[in-house]
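Asks: Just structure_4.pdb, nothing more (PDB, C-alpha atoms, pLDDT in the B column):
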```pdb
ATOM      1  CA  ALA A   1      -1.994  -9.327  -1.927  1.00 83.00           C
ATOM      2  CA  ASP A   2      -2.755 -12.889  -2.890  1.00 87.00           C
ATOM      3  CA  ALA A   3      -5.309 -15.006  -1.031  1.00 91.00           C
ATOM      4  CA  ARG A   4      -3.525 -18.133  -2.266  1.00 92.00           C
ATOM      5  CA  SER A   5      -0.026 -17.117  -1.180  1.00 93.00           C
ATOM      6  CA  ARG A   6       1.922 -19.390   1.133  1.00 93.00           C
ATOM      7  CA  LEU A   7       3.185 -16.329   2.996  1.00 92.00           C
ATOM      8  CA  LEU A   8       0.967 -15.066   5.807  1.00 94.00           C
ATOM      9  CA  TYR A   9       1.102 -11.315   5.103  1.00 89.00           C
ATOM     10  CA  PRO A  10       0.160 -11.291   1.398  1.00 89.00           C
ATOM     11  CA  ARG A  11      -2.334 -14.130   1.955  1.00 94.00           C
ATOM     12  CA  THR A  12      -4.103 -12.203   4.752  1.00 95.00           C
ATOM     13  CA  LYS A  13      -4.227  -9.054   2.626  1.00 93.00           C
ATOM     14  CA  GLY A  14      -5.630 -11.018  -0.301  1.00 94.00           C
ATOM     15  CA  GLU A  15      -8.256 -12.713   1.864  1.00 96.00           C
ATOM     16  CA  VAL A  16      -9.392  -9.365   3.257  1.00 95.00           C
ATOM     17  CA  GLU A  17      -9.612  -7.868  -0.242  1.00 95.00           C
ATOM     18  CA  GLU A  18     -11.745 -10.792  -1.407  1.00 95.00           C
ATOM     19  CA  ALA A  19     -13.990 -10.577   1.672  1.00 96.00           C
ATOM     20  CA  VAL A  20     -14.569  -6.851   1.168  1.00 96.00           C
ATOM     21  CA  GLU A  21     -15.293  -7.419  -2.525  1.00 95.00           C
ATOM     22  CA  ARG A  22     -17.946 -10.016  -1.626  1.00 96.00           C
ATOM     23  CA  LEU A  23     -19.815  -7.307   0.314  1.00 97.00           C
ATOM     24  CA  GLY A  24     -20.948  -6.006  -3.071  1.00 95.00           C
ATOM     25  CA  PHE A  25     -20.201  -2.300  -2.808  1.00 95.00           C
ATOM     26  CA  PRO A  26     -20.994  -0.513  -6.086  1.00 96.00           C
ATOM     27  CA  SER A  27     -17.612   1.232  -5.822  1.00 96.00           C
ATOM     28  CA  LEU A  28     -14.506  -0.432  -4.404  1.00 96.00           C
ATOM     29  CA  THR A  29     -11.013   1.016  -4.484  1.00 96.00           C
ATOM     30  CA  ILE A  30      -8.174  -1.055  -3.073  1.00 95.00           C
ATOM     31  CA  LEU A  31      -4.864   0.642  -2.390  1.00 95.00           C
ATOM     32  CA  ARG A  32      -1.764  -1.539  -2.235  1.00 94.00           C
ATOM     33  CA  PRO A  33       0.936   0.788  -0.914  1.00 93.00           C
ATOM     34  CA  GLY A  34       4.540  -0.194  -0.526  1.00 90.00           C
ATOM     35  CA  PHE A  35       6.544   0.791   2.526  1.00 90.00           C
ATOM     36  CA  LEU A  36       4.484   3.475   4.266  1.00 90.00           C
ATOM     37  CA  ASP A  37       6.548   6.587   4.947  1.00 86.00           C
ATOM     38  CA  GLY A  38       5.189   8.877   7.626  1.00 83.00           C
ATOM     39  CA  ASP A  39       5.558  10.062  11.193  1.00 81.00           C
ATOM     40  CA  ARG A  40       4.865   7.606  13.987  1.00 81.00           C
ATOM     41  CA  SER A  41       4.374   8.250  17.664  1.00 83.00           C
ATOM     42  CA  GLU A  42       6.349   5.136  18.631  1.00 84.00           C
ATOM     43  CA  SER A  43       9.988   4.440  17.855  1.00 81.00           C
ATOM     44  CA  ARG A  44      10.639   1.746  15.244  1.00 86.00           C
ATOM     45  CA  PRO A  45      14.373   1.861  14.482  1.00 87.00           C
ATOM     46  CA  VAL A  46      14.335  -0.821  11.754  1.00 89.00           C
ATOM     47  CA  GLU A  47      11.477   0.926   9.936  1.00 88.00           C
ATOM     48  CA  GLN A  48      13.225   4.294  10.291  1.00 88.00           C
ATOM     49  CA  TRP A  49      16.413   2.850   8.796  1.00 90.00           C
ATOM     50  CA  THR A  50      14.486   1.114   6.012  1.00 89.00           C
ATOM     51  CA  GLY A  51      12.607   4.321   5.188  1.00 88.00           C
ATOM     52  CA  ARG A  52      15.823   6.328   4.969  1.00 90.00           C
ATOM     53  CA  LEU A  53      17.396   3.709   2.723  1.00 93.00           C
ATOM     54  CA  LEU A  54      14.372   3.525   0.407  1.00 92.00           C
ATOM     55  CA  ARG A  55      14.097   7.323   0.170  1.00 91.00           C
ATOM     56  CA  PHE A  56      17.805   7.541  -0.680  1.00 93.00           C
ATOM     57  CA  MET A  57      17.564   4.769  -3.265  1.00 92.00           C
ATOM     58  CA  GLY A  58      14.229   6.034  -4.633  1.00 89.00           C
ATOM     59  CA  PRO A  59      15.567   7.643  -7.810  1.00 90.00           C
ATOM     60  CA  ILE A  60      17.060   4.350  -9.010  1.00 94.00           C
ATOM     61  CA  LEU A  61      14.354   1.983  -7.733  1.00 92.00           C
ATOM     62  CA  PRO A  62      11.415   0.923  -9.880  1.00 92.00           C
ATOM     63  CA  ALA A  63       8.238   2.790  -8.934  1.00 91.00           C
ATOM     64  CA  SER A  64       6.804  -0.357  -7.325  1.00 90.00           C
ATOM     65  CA  ALA A  65       9.678  -0.466  -4.793  1.00 90.00           C
ATOM     66  CA  ARG A  66       9.567   3.182  -3.680  1.00 92.00           C
ATOM     67  CA  VAL A  67       8.097   4.442  -0.447  1.00 92.00           C
ATOM     68  CA  SER A  68       4.419   5.342  -0.272  1.00 93.00           C
ATOM     69  CA  PRO A  69       4.054   8.647   1.596  1.00 92.00           C
ATOM     70  CA  VAL A  70       1.195   8.466   4.098  1.00 93.00           C
ATOM     71  CA  PRO A  71      -0.266  11.864   3.026  1.00 94.00           C
ATOM     72  CA  THR A  72      -0.407  10.651  -0.595  1.00 94.00           C
ATOM     73  CA  VAL A  73      -2.091   7.379   0.398  1.00 96.00           C
ATOM     74  CA  ALA A  74      -4.611   9.248   2.567  1.00 95.00           C
ATOM     75  CA  ALA A  75      -5.388  11.731  -0.222  1.00 96.00           C
ATOM     76  CA  MET A  76      -5.924   8.920  -2.724  1.00 96.00           C
ATOM     77  CA  LEU A  77      -8.248   7.073  -0.329  1.00 95.00           C
ATOM     78  CA  LEU A  78     -10.252  10.235   0.309  1.00 96.00           C
ATOM     79  CA  ALA A  79     -10.507  11.024  -3.410  1.00 95.00           C
ATOM     80  CA  ALA A  80     -11.691   7.469  -4.143  1.00 95.00           C
ATOM     81  CA  ALA A  81     -14.316   7.676  -1.399  1.00 94.00           C
ATOM     82  CA  LEU A  82     -15.616  11.042  -2.592  1.00 96.00           C
ATOM     83  CA  GLU A  83     -15.582  10.110  -6.277  1.00 93.00           C
ATOM     84  CA  GLY A  84     -17.177   6.697  -5.824  1.00 91.00           C
ATOM     85  CA  ALA A  85     -16.443   5.555  -9.373  1.00 94.00           C
ATOM     86  CA  PRO A  86     -18.449   2.393 -10.122  1.00 96.00           C
ATOM     87  CA  GLY A  87     -16.583  -0.896 -10.200  1.00 95.00           C
ATOM     88  CA  ARG A  88     -13.466  -2.352  -8.621  1.00 95.00           C
ATOM     89  CA  HIS A  89     -10.259  -0.327  -8.787  1.00 96.00           C
ATOM     90  CA  VAL A  90      -6.797  -1.379  -7.611  1.00 95.00           C
ATOM     91  CA  VAL A  91      -4.116   1.248  -7.003  1.00 96.00           C
ATOM     92  CA  SER A  92      -0.646  -0.288  -6.904  1.00 95.00           C
ATOM     93  CA  SER A  93       2.430   0.947  -5.075  1.00 93.00           C
ATOM     94  CA  ALA A  94       3.797   2.051  -8.464  1.00 94.00           C
ATOM     95  CA  ASP A  95       0.647   4.129  -9.067  1.00 95.00           C
ATOM     96  CA  ILE A  96       1.083   5.730  -5.648  1.00 94.00           C
ATOM     97  CA  ALA A  97       4.766   6.464  -6.332  1.00 91.00           C
ATOM     98  CA  ARG A  98       3.911   8.115  -9.648  1.00 90.00           C
ATOM     99  CA  ALA A  99       1.338  10.311  -7.872  1.00 89.00           C
ATOM    100  CA  THR A 100       3.936  11.839  -5.544  1.00 81.00           C
TER     101      THR A 100
END
```
What is this structure when it is put down as structure tokens?
Replies:
Amino acid sequence: ADARSRLLYPRTKGEVEEAVERLGFPSLTILRPGFLDGDRSESRPVEQWTGRLLRFMGPILPASARVSPVPTVAAMLLAAALEGAPGRHVVSSADIARAT
């Protein structure tokens, strides 16, 4: 996420993060997952293939390039909301991978 990126996706994510931060919440946790791995109701063949490849390659990939399991992401979001630790906290895809 980078509000100054030339690429639309990371720029949009960065702009949203900055906008939420300006709201002034006493506790803000931002999760930056990698490829989300979970069940979907719709068929997305390219994502299914990508997920299988990343899961297979996981042991040799750096933590930042591994899949982010949806249940892990959801649990981390819930824990952050319940804990409400003061300040701004960023959880990277590598942090999520290490938590699985």
Asks: For the atom pair atom CA of Thr50 of chain A and atom CA of Ile30 of chain A, what is the interatomic distance in Å to one decimal place?
Replies: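 Interatomic distance, atom CA of Thr50 of chain A to atom CA of Ile30 of chain A: 24.5 Å.
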Asks: List the residues matched by the PyMOL selection byres ((chain A and resi 18) around 12) in the displayed structure as a count of residues only, ordered by chain and then by residue number.
Replies: 20
Asks: Have a look at A:Pro69, A:Phe25, A:Leu77, A:Ala63 and name the one nearest to Val90 of chain A; count only C-alpha atoms.
Replies: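 Ranked by minimum distance to Val90 of chain A, first place goes to A:Leu77.
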Asks: Measure the distance from atom CA of Ala94 of chain A to atom CA of Glu47 of chain A in Å and round it to one decimal.
Replies: 20.0 Å
Asks: Around (4.5, 6.2, -3.9), as given in the file, which residues come within 12 Å? Count all atoms listed in the file and list them as a PyMOL selection string.
Replies: chain A and resi 31-38+54-55+58-59+61-76+91-100
Asks: Provide segment 35-47 of chain A rebuilt to N, CA, C and O atoms, formatted as a short mmCIF file (atom, residue, chain, number, x, y, z; two decimals), in the frame of the given file.
Replies:
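Output file result.cif is given in full below:
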```cif
data_model
loop_
_atom_site.label_atom_id
_atom_site.label_comp_id
_atom_site.auth_asym_id
_atom_site.auth_seq_id
_atom_site.Cartn_x
_atom_site.Cartn_y
_atom_site.Cartn_z
N PHE A 35 6.10 0.39 1.19
CA PHE A 35 6.54 0.79 2.53
C PHE A 35 5.93 2.15 2.84
O PHE A 35 6.16 3.12 2.12
N LEU A 36 5.13 2.22 3.90
CA LEU A 36 4.48 3.48 4.27
C LEU A 36 5.49 4.40 4.94
O LEU A 36 6.15 4.01 5.92
N ASP A 37 5.59 5.61 4.44
CA ASP A 37 6.55 6.59 4.95
C ASP A 37 5.78 7.73 5.59
O ASP A 37 5.11 8.50 4.90
N GLY A 38 5.87 7.80 6.91
CA GLY A 38 5.19 8.88 7.63
C GLY A 38 5.63 8.90 9.08
O GLY A 38 6.35 8.01 9.54
N ASP A 39 5.21 9.92 9.79
CA ASP A 39 5.56 10.06 11.19
C ASP A 39 4.79 9.05 12.03
O ASP A 39 3.63 8.76 11.76
N ARG A 40 5.47 8.53 13.04
CA ARG A 40 4.86 7.61 13.99
C ARG A 40 5.12 8.12 15.39
O ARG A 40 6.15 8.72 15.66
N SER A 41 4.19 7.83 16.28
CA SER A 41 4.37 8.25 17.66
C SER A 41 5.36 7.33 18.40
O SER A 41 6.05 7.76 19.30
N GLU A 42 5.43 6.06 17.99
CA GLU A 42 6.35 5.14 18.63
C GLU A 42 7.64 5.03 17.82
O GLU A 42 7.67 5.33 16.64
N SER A 43 8.69 4.58 18.50
CA SER A 43 9.99 4.44 17.86
C SER A 43 10.10 3.05 17.24
O SER A 43 9.90 2.04 17.91
N ARG A 44 10.43 3.01 15.96
CA ARG A 44 10.64 1.75 15.24
C ARG A 44 11.94 1.88 14.46
O ARG A 44 11.93 2.25 13.28
N PRO A 45 13.07 1.61 15.11
CA PRO A 45 14.37 1.86 14.48
C PRO A 45 14.57 1.15 13.14
O PRO A 45 15.11 1.74 12.20
N VAL A 46 14.14 -0.09 13.02
CA VAL A 46 14.34 -0.82 11.75
C VAL A 46 13.52 -0.16 10.64
O VAL A 46 14.01 0.01 9.52
N GLU A 47 12.29 0.25 10.95
CA GLU A 47 11.48 0.93 9.94
C GLU A 47 12.07 2.29 9.59
O GLU A 47 12.03 2.70 8.42
#
```
